[in-house]
Structure formats: C-alpha cells, structure tokens
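This is protein.txt (compact mmCIF, C-alpha atoms).
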```
# COMPACT_ATOMS: atom_id res chain seq x y z
CA MET A 1 98.54 -93.23 83.64
CA SER A 2 95.31 -91.28 83.00
CA LEU A 3 94.63 -87.54 82.65
CA ASP A 4 92.76 -87.54 85.96
CA LYS A 5 96.04 -87.81 87.80
CA VAL A 6 97.26 -84.51 86.36
CA LYS A 7 96.58 -82.05 89.16
CA GLN A 8 99.14 -79.29 88.62
CA PHE A 9 99.20 -76.86 85.71
CA HIS A 10 101.64 -74.20 84.59
CA ASN A 11 100.67 -70.81 83.31
CA THR A 12 100.31 -70.73 79.55
CA THR A 13 101.84 -67.78 77.76
CA PHE A 14 101.66 -66.84 74.08
CA VAL A 15 102.09 -63.76 71.94
CA ILE A 16 99.10 -61.87 70.54
CA PRO A 17 98.79 -58.85 68.25
CA ARG A 18 98.54 -55.52 69.97
CA HIS A 19 94.93 -54.50 70.34
CA SER A 20 93.31 -51.43 71.86
CA ASP A 21 91.98 -51.53 75.39
CA LYS A 22 88.43 -51.74 74.11
CA GLY A 23 89.37 -54.60 71.75
CA LEU A 24 90.94 -56.57 74.62
CA VAL A 25 87.84 -56.14 76.79
CA GLU A 26 85.49 -57.16 73.96
CA LYS A 27 87.60 -60.26 73.13
CA LEU A 28 87.78 -61.24 76.81
CA LEU A 29 84.01 -60.92 77.18
CA ALA A 30 83.44 -62.97 74.01
CA MET A 31 85.80 -65.66 75.33
CA ALA A 32 84.03 -65.72 78.73
CA GLN A 33 80.60 -65.96 77.07
CA GLU A 34 81.65 -68.86 74.85
CA GLY A 35 83.33 -70.61 77.78
CA GLY A 36 80.30 -70.20 80.02
CA VAL A 37 82.01 -68.17 82.74
CA GLN A 38 81.60 -64.60 83.99
CA LEU A 39 84.07 -61.78 84.54
CA GLU A 40 84.33 -61.08 88.25
CA LYS A 41 87.09 -58.46 88.44
CA ALA A 42 89.35 -56.38 86.15
CA THR A 43 92.57 -54.60 87.13
CA TYR A 44 94.08 -51.91 84.87
CA TYR A 45 97.72 -50.66 84.96
CA PHE A 46 97.94 -47.41 82.99
CA THR A 47 100.87 -45.96 81.07
CA PHE A 48 100.22 -42.48 82.38
CA SER A 49 99.99 -43.37 86.08
CA PRO A 50 101.85 -45.65 88.49
CA GLU A 51 98.58 -46.41 90.27
CA LEU A 52 96.24 -49.22 89.30
CA ALA A 53 92.41 -49.25 89.02
CA GLU A 54 90.12 -52.14 89.89
CA PHE A 55 86.61 -52.63 88.62
CA SER A 56 83.85 -55.19 89.13
CA GLY A 57 82.82 -57.66 86.48
CA ASP A 58 79.98 -55.58 85.05
CA GLN A 59 82.39 -52.61 84.55
CA LYS A 60 79.55 -50.10 84.77
CA ASP A 61 81.86 -47.26 85.60
CA GLU A 62 81.11 -44.20 83.46
CA LYS A 63 84.71 -42.97 83.33
CA LEU A 64 85.99 -46.43 82.39
CA GLN A 65 83.42 -46.64 79.60
CA GLU A 66 84.44 -43.18 78.44
CA LEU A 67 88.12 -44.30 78.42
CA LEU A 68 87.33 -47.48 76.48
CA ALA A 69 85.21 -45.51 74.00
CA CYS A 70 88.41 -43.69 72.90
CA ASP A 71 89.50 -47.02 71.35
CA THR A 72 93.20 -46.41 72.05
CA ILE A 73 96.05 -47.96 74.06
CA THR A 74 96.31 -46.46 77.56
CA THR A 75 97.29 -49.52 79.60
CA ARG A 76 100.50 -51.48 80.03
CA GLN A 77 98.83 -54.45 81.72
CA ILE A 78 95.24 -55.74 82.24
CA ILE A 79 94.39 -58.62 84.56
CA PHE A 80 90.98 -60.28 84.14
CA GLU A 81 89.80 -62.56 86.96
CA LEU A 82 87.18 -65.03 85.76
CA GLN A 83 84.76 -67.27 87.57
CA GLY A 84 86.44 -70.29 89.12
CA ALA A 85 89.74 -68.51 90.04
CA MET A 86 90.93 -68.34 86.43
CA LYS A 87 93.03 -65.36 85.40
CA VAL A 88 93.86 -63.90 82.01
CA SER A 89 96.62 -61.31 81.97
CA VAL A 90 97.62 -59.16 78.97
CA GLN A 91 101.01 -57.47 79.34
CA ARG A 92 102.53 -55.06 76.87
CA GLY A 93 106.25 -54.38 76.34
CA TRP A 94 107.16 -51.56 78.74
CA ASP A 95 110.33 -49.56 79.19
CA ASN A 96 110.28 -48.56 82.83
CA GLN A 97 112.93 -45.89 82.44
CA SER A 98 111.41 -44.04 79.49
CA LYS A 99 107.84 -44.93 80.54
CA THR A 100 106.98 -45.99 77.00
CA LEU A 101 105.62 -49.08 75.31
CA THR A 102 108.00 -51.18 73.25
CA GLY A 103 107.43 -53.63 70.43
CA ASN A 104 104.23 -54.25 68.49
CA GLN A 105 103.08 -57.43 70.16
CA ASP A 106 101.67 -58.25 73.57
CA THR A 107 101.92 -61.26 75.81
CA LEU A 108 98.86 -63.11 77.12
CA THR A 109 99.20 -65.31 80.16
CA PHE A 110 96.48 -67.79 81.12
CA GLU A 111 96.58 -68.94 84.76
CA PRO A 112 94.31 -71.97 85.33
CA PRO A 113 92.76 -72.64 88.76
CA GLN A 114 94.32 -75.17 91.13
CA LYS A 115 91.34 -77.52 91.04
CA CYS A 116 90.76 -78.20 87.39
CA ASN A 117 91.13 -80.95 84.80
CA VAL A 118 93.06 -81.22 81.59
CA PRO A 119 90.11 -80.87 79.12
CA THR A 120 88.94 -77.67 80.84
CA VAL A 121 92.38 -76.09 80.79
CA ALA A 122 92.83 -77.06 77.14
CA LYS A 123 89.42 -75.65 76.31
CA TYR A 124 90.15 -72.22 77.82
CA VAL A 125 93.64 -72.09 76.28
CA MET A 126 92.03 -72.80 72.90
CA LEU A 127 89.44 -70.06 73.48
CA ALA A 128 92.12 -67.58 74.50
CA ARG A 129 94.20 -68.30 71.42
CA LYS A 130 91.13 -68.13 69.23
CA HIS A 131 89.67 -64.86 70.47
CA PHE A 132 92.93 -62.98 71.07
CA GLY A 133 94.59 -64.20 67.86
CA ALA A 134 97.74 -65.95 69.17
CA ILE A 135 100.92 -65.60 67.13
CA ASP A 136 103.28 -68.52 67.08
CA THR A 137 106.92 -67.74 67.65
CA LYS A 138 109.37 -68.10 64.79
CA PRO A 139 112.32 -70.39 65.83
CA PHE A 140 114.40 -69.38 62.83
CA LEU A 141 114.84 -65.86 64.22
CA ASP A 142 117.52 -67.19 66.55
CA PHE A 143 119.70 -68.01 63.51
CA LEU A 144 119.59 -64.48 62.13
CA ASP A 145 121.99 -61.72 63.02
CA GLU A 146 120.78 -58.71 64.95
CA GLY A 147 120.28 -56.46 61.90
CA ALA A 148 118.25 -59.05 59.96
CA LYS A 149 116.20 -59.85 63.04
CA GLN A 150 115.35 -56.16 63.58
CA LEU A 151 114.51 -55.81 59.90
CA TYR A 152 112.24 -58.83 60.09
CA GLN A 153 110.58 -57.57 63.23
CA THR A 154 110.08 -54.16 61.66
CA ARG A 155 108.51 -55.70 58.58
CA GLU A 156 106.38 -57.91 60.81
CA GLN A 157 105.27 -54.86 62.73
CA ASP A 158 104.34 -53.07 59.50
CA ILE A 159 102.46 -56.13 58.32
CA GLN A 160 100.58 -56.23 61.60
CA LYS A 161 99.74 -52.55 61.21
CA LEU A 162 98.46 -53.25 57.74
CA GLU A 163 96.44 -56.17 59.08
CA ARG A 164 94.99 -53.97 61.79
CA MET A 165 94.27 -51.28 59.21
CA GLN A 166 92.61 -53.90 57.05
CA GLU A 167 90.72 -55.20 60.02
CA ASN A 168 89.63 -51.65 60.95
CA PHE A 169 88.69 -51.02 57.33
CA PHE A 170 86.51 -54.12 57.12
CA LYS A 171 85.16 -53.35 60.54
CA SER A 172 84.33 -49.82 59.45
CA MET A 173 82.80 -51.15 56.25
CA THR A 174 80.75 -53.61 58.25
CA GLU A 175 79.66 -50.93 60.67
CA PHE A 176 78.90 -48.58 57.78
CA THR A 177 76.91 -51.29 56.02
CA LEU A 178 75.02 -52.12 59.20
CA ASP A 179 74.46 -48.43 59.84
CA GLN A 180 73.14 -47.94 56.31
CA GLN A 181 70.92 -50.98 56.64
CA GLN A 182 69.68 -49.67 59.96
CA LYS A 183 69.04 -46.25 58.43
CA GLN A 184 67.30 -47.91 55.51
CA GLN A 185 65.16 -49.91 57.88
CA GLU A 186 64.41 -46.82 59.95
CA PHE A 187 63.57 -44.90 56.76
CA GLN A 188 61.34 -47.73 55.61
CA ARG A 189 59.67 -47.92 59.02
CA GLN A 190 59.24 -44.15 58.94
CA LEU A 191 57.65 -44.38 55.48
CA GLU A 192 55.42 -47.22 56.66
CA SER A 193 54.45 -45.28 59.78
CA GLU A 194 53.76 -42.16 57.69
CA TYR A 195 51.77 -44.27 55.25
CA ALA A 196 49.86 -45.89 58.11
CA ALA A 197 49.27 -42.48 59.71
CA ARG A 198 48.10 -41.01 56.40
CA GLN A 199 45.93 -44.05 55.76
CA SER A 200 44.48 -43.75 59.25
CA LYS A 201 43.91 -40.03 58.73
CA LEU A 202 42.22 -40.67 55.38
CA GLU A 203 40.06 -43.39 56.92
CA GLU A 204 39.21 -41.05 59.77
CA GLN A 205 38.31 -38.29 57.31
CA HIS A 206 36.32 -40.78 55.29
CA GLY A 207 34.52 -41.91 58.44
CA GLU A 208 33.82 -38.30 59.41
CA ARG A 209 32.42 -37.56 55.97
CA LEU A 210 30.32 -40.71 56.11
CA ASN A 211 29.05 -39.62 59.51
CA GLN A 212 28.32 -36.17 58.11
CA LEU A 213 26.48 -37.69 55.17
CA GLU A 214 24.55 -39.98 57.51
CA ALA A 215 23.74 -37.01 59.73
CA LYS A 216 22.60 -35.01 56.71
CA ASP A 217 20.59 -37.99 55.48
CA ALA A 218 19.02 -38.34 58.93
CA ASP A 219 18.26 -34.60 58.97
CA LEU A 220 16.71 -34.83 55.51
CA LYS A 221 14.64 -37.83 56.57
CA LYS A 222 13.61 -35.98 59.70
CA ILE A 223 12.68 -32.88 57.70
CA ARG A 224 10.81 -35.04 55.19
CA ALA A 225 9.01 -36.83 58.01
CA GLU A 226 8.14 -33.48 59.57
CA ILE A 227 6.87 -32.21 56.22
CA ASP A 228 4.85 -35.39 55.68
CA GLU A 229 3.55 -35.19 59.22
CA ARG A 230 2.75 -31.52 58.75
CA GLU A 231 0.97 -32.26 55.46
CA ASN A 232 -0.89 -35.19 57.01
CA ARG A 233 -1.78 -33.09 60.01
CA GLN A 234 -2.89 -30.22 57.79
CA ALA A 235 -4.92 -32.59 55.61
CA ARG A 236 -6.49 -34.13 58.68
CA ARG A 237 -7.31 -30.72 60.06
CA ASP A 238 -8.80 -29.67 56.73
CA ILE A 239 -10.97 -32.77 56.71
CA TYR A 240 -11.91 -32.07 60.31
CA LYS A 241 -12.87 -28.49 59.44
CA GLU A 242 -14.91 -29.70 56.47
CA LEU A 243 -16.75 -32.25 58.58
CA LYS A 244 -17.33 -29.66 61.29
CA ALA A 245 -18.75 -27.25 58.71
CA LYS A 246 -21.11 -29.91 57.40
CA LEU A 247 -22.22 -30.82 60.92
CA VAL A 248 -22.77 -27.15 61.79
CA ALA A 249 -24.78 -26.70 58.60
CA ARG A 250 -26.86 -29.79 59.38
CA ASN A 251 -27.47 -28.61 62.95
CA THR A 252 -28.46 -25.17 61.72
CA THR A 253 -30.95 -26.24 59.02
CA PHE A 254 -31.83 -29.88 59.63
CA GLU A 255 -34.56 -31.00 57.23
CA LEU A 256 -35.47 -33.85 54.91
CA THR A 257 -35.38 -33.94 51.16
CA ALA A 258 -38.40 -33.04 49.01
CA GLY A 259 -38.89 -36.68 47.93
CA THR A 260 -39.11 -37.89 51.51
CA LYS A 261 -41.54 -35.08 52.34
CA ASN A 262 -43.73 -36.00 49.35
CA ARG A 263 -43.87 -39.64 50.45
CA ARG A 264 -44.93 -38.52 53.93
CA ARG A 265 -47.66 -36.27 52.49
CA THR A 266 -49.31 -39.26 50.78
CA VAL A 267 -49.78 -41.08 54.09
CA PHE A 268 -50.68 -37.83 55.83
CA TRP A 269 -53.48 -36.78 53.45
CA PHE A 270 -54.77 -40.34 53.10
CA THR A 271 -55.05 -40.57 56.87
CA ILE A 272 -56.78 -37.15 57.00
CA ALA A 273 -59.21 -38.34 54.32
CA LEU A 274 -60.00 -41.49 56.30
CA LEU A 275 -60.54 -39.44 59.45
CA GLY A 276 -62.86 -37.13 57.56
CA LEU A 277 -64.76 -40.05 56.02
CA PHE A 278 -65.28 -41.92 59.27
CA PHE A 279 -66.10 -38.70 61.16
CA THR A 280 -68.75 -37.90 58.54
CA GLY A 281 -70.23 -41.41 58.92
CA PHE A 282 -70.18 -41.08 62.68
CA TRP A 283 -71.89 -37.66 62.53
CA TYR A 284 -74.52 -38.94 60.15
CA CYS A 285 -75.35 -41.88 62.43
CA PHE A 286 -75.24 -39.58 65.48
CA ASP A 287 -77.67 -37.22 63.80
CA LYS A 288 -80.06 -40.05 63.04
CA ASN A 289 -79.91 -41.69 66.43
CA VAL A 290 -79.42 -38.85 68.88
CA ILE A 291 -80.46 -35.55 67.37
CA ASN A 292 -83.60 -36.66 65.51
CA ASN A 293 -84.32 -39.44 67.99
CA GLU A 294 -87.09 -40.93 65.89
CA PRO A 295 -88.55 -44.18 67.23
CA PRO A 296 -88.12 -46.92 66.73
CA ILE A 297 -84.37 -47.14 67.39
CA ASN A 298 -82.36 -48.18 64.36
CA TRP A 299 -79.88 -50.59 65.82
CA ILE A 300 -78.07 -50.87 62.55
CA ALA A 301 -77.43 -47.15 62.67
CA VAL A 302 -76.38 -47.44 66.32
CA GLY A 303 -73.91 -50.21 65.45
CA SER A 304 -72.64 -48.23 62.51
CA GLN A 305 -72.22 -45.21 64.78
CA ILE A 306 -70.25 -47.23 67.24
CA GLY A 307 -68.15 -48.77 64.44
CA PHE A 308 -67.49 -45.37 62.89
CA ALA A 309 -66.51 -43.99 66.32
CA LEU A 310 -64.16 -46.86 67.07
CA THR A 311 -62.63 -46.71 63.62
CA PHE A 312 -62.21 -42.94 63.90
CA ILE A 313 -60.58 -43.31 67.31
CA GLY A 314 -58.26 -46.06 66.02
CA ILE A 315 -57.23 -44.06 62.96
CA ALA A 316 -56.74 -40.93 65.08
CA THR A 317 -54.62 -42.92 67.53
CA PHE A 318 -52.56 -44.30 64.63
CA PHE A 319 -52.17 -40.80 63.18
CA ILE A 320 -50.99 -39.39 66.50
CA GLN A 321 -48.53 -42.26 67.08
CA TRP A 322 -47.26 -42.05 63.51
CA ASN A 323 -46.60 -38.33 63.79
CA HIS A 324 -45.03 -38.84 67.24
CA ARG A 325 -42.63 -41.43 65.82
CA TRP A 326 -41.84 -39.13 62.92
CA PHE A 327 -41.00 -36.25 65.23
CA GLN A 328 -39.12 -38.56 67.58
CA LYS A 329 -36.89 -39.80 64.75
CA HIS A 330 -36.15 -36.20 63.79
CA ALA A 331 -35.21 -35.37 67.37
CA ASP A 332 -33.03 -38.49 67.66
CA GLU A 333 -31.21 -37.65 64.46
CA GLU A 334 -30.58 -34.12 65.64
CA PHE A 335 -29.17 -35.39 68.93
CA LYS A 336 -27.04 -37.92 67.00
CA LEU A 337 -25.61 -35.07 64.93
CA LYS A 338 -24.80 -33.10 68.06
CA ARG A 339 -23.28 -36.20 69.64
CA LEU A 340 -21.30 -36.86 66.43
CA ASP A 341 -20.04 -33.28 66.48
CA LEU A 342 -18.82 -33.72 70.03
CA ASP A 343 -17.26 -37.10 69.17
CA PHE A 344 -15.35 -35.52 66.28
CA ASP A 345 -13.92 -32.93 68.67
CA ARG A 346 -12.95 -35.63 71.14
CA ALA A 347 -11.39 -37.84 68.44
CA ASN A 348 -9.41 -34.94 66.98
CA TRP A 349 -8.17 -33.95 70.45
CA LEU A 350 -7.21 -37.59 71.16
CA VAL A 351 -5.24 -37.86 67.88
CA GLU A 352 -3.40 -34.59 68.59
CA LEU A 353 -2.65 -35.78 72.12
CA ALA A 354 -1.26 -39.09 70.81
CA MET A 355 1.00 -37.32 68.31
CA GLU A 356 2.32 -34.86 70.89
CA TRP A 357 2.89 -37.74 73.32
CA GLN A 358 4.89 -39.66 70.72
CA ASN A 359 6.94 -36.59 69.72
CA ILE A 360 7.86 -35.77 73.32
CA THR A 361 8.25 -39.21 74.92
CA LYS A 362 9.18 -41.17 71.75
CA SER A 363 6.70 -43.87 72.76
CA ASP A 364 3.07 -44.77 72.20
CA VAL A 365 0.26 -43.66 74.45
CA PRO A 366 -0.60 -46.35 77.03
CA ALA A 367 -3.54 -48.46 75.96
CA GLU A 368 -5.30 -47.96 79.33
CA LEU A 369 -5.25 -44.20 78.90
CA VAL A 370 -6.52 -44.45 75.32
CA ASN A 371 -9.34 -46.74 76.40
CA LYS A 372 -10.40 -44.34 79.12
CA LEU A 373 -10.23 -41.26 76.90
CA SER A 374 -12.06 -42.93 73.98
CA ARG A 375 -14.81 -44.54 76.05
CA ASN A 376 -18.26 -44.36 74.32
CA LEU A 377 -16.66 -42.56 71.37
CA PHE A 378 -18.90 -42.86 68.25
CA ASN A 379 -21.11 -45.22 70.24
CA ALA A 380 -24.72 -44.17 69.62
CA ASP A 381 -27.59 -45.98 71.33
CA GLU A 382 -30.02 -47.42 68.81
CA ALA A 383 -33.58 -46.30 69.38
CA LYS A 384 -36.07 -49.18 69.59
CA ASP A 385 -39.30 -48.98 67.65
CA THR A 386 -42.43 -48.82 69.83
CA ASP A 387 -45.90 -49.99 68.98
CA ILE A 388 -47.52 -47.65 66.53
CA HIS A 389 -51.10 -48.78 67.29
CA PRO A 390 -52.86 -50.15 70.38
CA ALA A 391 -53.63 -53.31 68.44
CA GLU A 392 -49.92 -54.05 68.28
CA THR A 393 -49.67 -53.50 72.04
CA PHE A 394 -52.63 -55.82 72.55
CA LEU A 395 -51.07 -58.56 70.39
CA SER A 396 -47.74 -58.18 72.14
CA ALA A 397 -49.43 -58.58 75.51
CA ILE A 398 -51.21 -61.70 74.27
CA PHE A 399 -48.17 -63.33 72.65
CA GLY A 400 -45.55 -62.27 75.15
CA LYS A 401 -42.48 -64.28 74.21
CA ALA A 402 -44.43 -66.99 72.45
CA GLY A 403 -43.88 -67.52 68.78
CA SER A 404 -47.47 -68.59 67.95
CA ILE A 405 -50.96 -69.06 69.46
CA ASN A 406 -53.70 -71.49 68.49
CA VAL A 407 -57.32 -70.41 68.68
CA GLU A 408 -60.28 -72.84 68.37
CA PHE A 409 -63.21 -71.62 66.29
CA PRO A 410 -65.49 -73.63 64.10
CA GLY A 411 -62.33 -73.95 62.12
CA LYS A 412 -58.77 -73.79 63.47
CA PHE A 413 -56.20 -71.09 62.70
CA THR A 414 -52.78 -70.17 64.07
CA MET A 415 -51.36 -66.67 64.65
CA HIS A 416 -47.56 -66.25 64.35
CA ARG A 417 -45.27 -63.40 65.33
CA SER A 418 -41.60 -62.65 64.68
CA ASP A 419 -41.15 -59.96 67.34
CA PRO A 420 -43.37 -57.89 69.63
CA ALA A 421 -43.50 -55.05 67.11
CA ASP A 422 -44.40 -57.19 64.07
CA ALA A 423 -47.28 -59.67 64.57
CA ARG A 424 -48.85 -61.41 61.64
CA ILE A 425 -51.78 -63.82 61.31
CA ALA A 426 -51.32 -66.92 59.22
CA SER A 427 -53.90 -68.28 56.90
CA PRO A 428 -56.55 -70.48 58.60
CA LYS A 429 -55.95 -74.21 58.70
CA THR A 430 -58.89 -76.51 58.98
CA ASN A 431 -58.81 -79.95 60.49
```

Let me see the structure of the file written as structure tokens.
Amino acid sequence: MSLDKVKQFHNTTFVIPRHSDKGLVEKLLAMAQEGGVQLEKATYYFTFSPELAEFSGDQKDEKLQELLACDTITTRQIIFELQGAMKVSVQRGWDNQSKTLTGNQDTLTFEPPQKCNVPTVAKYVMLARKHFGAIDTKPFLDFLDEGAKQLYQTREQDIQKLERMQENFFKSMTEFTLDQQQKQQEFQRQLESEYAARQSKLEEQHGERLNQLEAKDADLKKIRAEIDERENRQARRDIYKELKAKLVARNTTFELTAGTKNRRRTVFWFTIALLGLFFTGFWYCFDKNVINNEPPINWIAVGSQIGFALTFIGIATFFIQWNHRWFQKHADEEFKLKRLDLDFDRANWLVELAMEWQNITKSDVPAELVNKLSRNLFNADEAKDTDIHPAETFLSAIFGKAGSINVEFPGKFTMHRSDPADARIASPKTN
C-alpha cells in the first residue's frame, strides 16, 4: 500500500500558547508565506459581541488594523481560510455563561482540503506547529488528583506568562535595538547630508569667489587694455600731430639748405660766365663782319661768329632747361608734401575707423573695404627726367630703342646708350 491511496484526512488539533490577536495574524501570515499560499479570508468571533466579522485576505480595513495595533486579546475564535480550501482555526477557552475566556492555552485546528496528498498535509501541519508554537499534552496529568492537576496547570500558566514576558522583553529589546540602529543610521545620514550640503555650499561659495576673482581679473585686464590702448592712441596722435606740424612748417617755408644752394650757384655763375664769354665773342665777330663791313669778307670771322652764336644758343638752351628742371623738382616736392599731408590725414582716419569698428563689432574691418579706403595711399608718381639739352633729344631720336649705332668714317667707331636720357660715345675702334 502506497501513500497515494490515502485520500481522506482528519482535522489535526493541537494546543498552542495564548497569543494576542496581532500575534496570531502575524504567525498565520508567516506560515502562509513559507508554505507558498495566500490568505483569502479571515473570520473573527469577538468576546464583546455575539456577531462575527469577515475580512478579505489583504485585511486592509482601517478599523481592523486599529484593533490589531492594540496588541491584546479581543477574540474567542479566528478562522483563516487559505488558498486551496485549507482552513486554520484558533479557538480559545470560552465560558458561554459568564462570557469570559478560560485557561491560558488555545487550540489550533488544521483542516486540510479534500484533494490533497500526505506530504502536503504533513508539511502544513509542521508549519502550523512551528509558527504557532504547539504544546504537547502531558499524559501524566491523568494520574494526578484534581488539586495537584490545578496546581500544575496554574504553575504552567505562570511559566507561560513568564515566557511571554520574556518573549516580549526580548522582542522589545530587539525593537529598541533596531530602533536605535535606525536612529543612528538616520543621524549618520543626517550628518552626511549636512556635511554634503555644507561641502556643496562651500564649493559653491568657492566657485562664486573664483568667478568674482576671474571677473575682477577680466575687468583689470580690460582696464589695462583700455589704458594701453589709450596710451597707444595718445602716442599715435602725438606722433601724428608732430608730423603734421613738420609738414605744415615745410609747406609754409619750403627751401633748400645753404650747402645745396652753394652747389647750385657754382653751376649758375659758371654758365653765366660762359654765356658772357660766348656773347662777347659773337659781338666781336658781328662788329667785324656786319658793322664795319670791311672788304674783303673774313670767312674765319664769319665762321667764328656762327660758332659763337650756336654755342651761345646751346648754352642758353641748357641754362633754361636746367633752371626749368630745378624749378620743376621744387614744385614736385611741394606737391608731394601736400599729398603726404593728405595721406597722413587719410591714414589716421582709417586707423581710427578700424579701431572703432573693432570696439563696436568685435571683428576686423573687411579687407575689401580697407582696400577701397586705402587706394593710392602713400603712392606718389615718380617724375621722369626729360632731356636737358636738344642734343640729348637728337641722340634719342637717332637711337630710338637701339642700344648702339655704327658709323663709317675713315675709321670706324660705335656709339652706345643705356637709356634715352643718357647717351654716351665709346672710344673709336679702327679696323
């Protein structure tokens, strides 16, 4: 015969110590959790009322929770219906006439479901005995007389009270210890949070002071840059004023130095002397040939007259061209100074514009705009030297762009030139 053939089970009843209503509910819930089942329904029979009260498995009734929180004995019977049609009933000794509880022990009855097996029933009986603290019956009590039995039961009841007091004491000590540990942990967390908050506040203050120092440093750098810029601008303006004063002074009294004037006087008086000499020779020959008109004609005097006239005309032409170039250079230099004065004004205005542009827009002036505004700035056209004598013009017309010219005479010589304004004749080369 195997255990599978056992299909019918009796209710199992055993004695347990008397616990409070809250203790019974907690032990039942612990038993159900370890057994893997859930509480579906609970029925309470109270000592102060003939009516019963039924609650669902979650027992989320506020008044029931308030009653259980009193941690006292207010029921004479509690029936717990578990998942799978299992029932656990706790019944206290009850005197129906006096409506009072009797004894100091309760009876627990476990009612297994109809469809179950032996290991499952044994498992739940074991769990019930374990969690509710089953008390085995004493067979020897039947051999005692009534007085000894009552004395024994009274002592057993006192012992159970002491056990419950001990249990409550250790429970209170455990709760107190846990409460103190929890308070210690909360106090430590509070200290850590205060420390973290203070650390965060100090870091924030440190960051603010760093930002203030950086702002002050930036302000100082800005002020220093403004001072440097102001000094540079003032220095530039002072230099500009000095240059303008010099240019104004040059434009007002523009003249050469005494040394340059003395060098010019040498050429000037030498040329005047040559003009006087050749004019005197021309007048002498003219007086002999034209005024006196004495025959026969002196052709030597006529040739000399013509030579003196041509030489005088050439030297006079040179003198006029030389003075013209001298005056032209003076005029060009004066115009250059005026142009330079205007260019300084334009350059100073362009620099001021660039600085204002950068201060306002925080960017550089576009290169296209700078190129347009600075076009032909400090760009003076170089004056080209012209021929100072007709002979130079004649040689330039002969040479053109050629570098040399060969002329056949009884001997052979070559004339070279480097540019139209500077022609030179090389030494003759014979074949």

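The two atoms in question, atom CA of A:Lys60 and atom CA of A:Ala32, are spaced 17.3 Å apart.
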
Restricting the calculation to all atoms listed in the file, which member of A:Leu127, A:Ile78, A:Ile315, A:Leu191 is positioned closest to A:Tyr45?
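Looking at the shortest contact to A:Tyr45, the residue is A:Ile78.
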
So, counting only C-alpha atoms, which residue among A:Gln180, A:Thr271, A:Thr75, A:Gln38 is closest to A:Gly57?
A:Gln38

I'd like the interatomic distance between atom CA of A:Tyr152 and atom CA of A:Asn104, to a tenth of an Å.
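Value for the atom CA of A:Tyr152-atom CA of A:Asn104 distance: 12.5 Å.
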
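Taking atom CA of A:Leu162 and atom CA of A:Lys27 as endpoints, the distance between them is 20.1 Å.
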
Within 9 Å of A:Thr311, counting all atoms listed in the file, which residues qualify if same-chain residues fewer than 4 places away don't, as a count of residues only?
6

Nearest to A:Arg129: which of A:Tyr44, A:Trp357, A:Phe9, A:Phe110 is it, counting all atoms listed in the file?
A:Phe110

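Across A:Ser56, A:Glu62, A:Ala309, A:Asp106, the tightest approach to A:Gln77 is made by A:Asp106 when counting all atoms listed in the file.
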
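Minimum atom-to-atom distances from A:Lys362, A:Lys41, A:Lys336, A:Arg164 to A:Ser20 were compared using all atoms listed in the file, and the lowest value belongs to A:Arg164.
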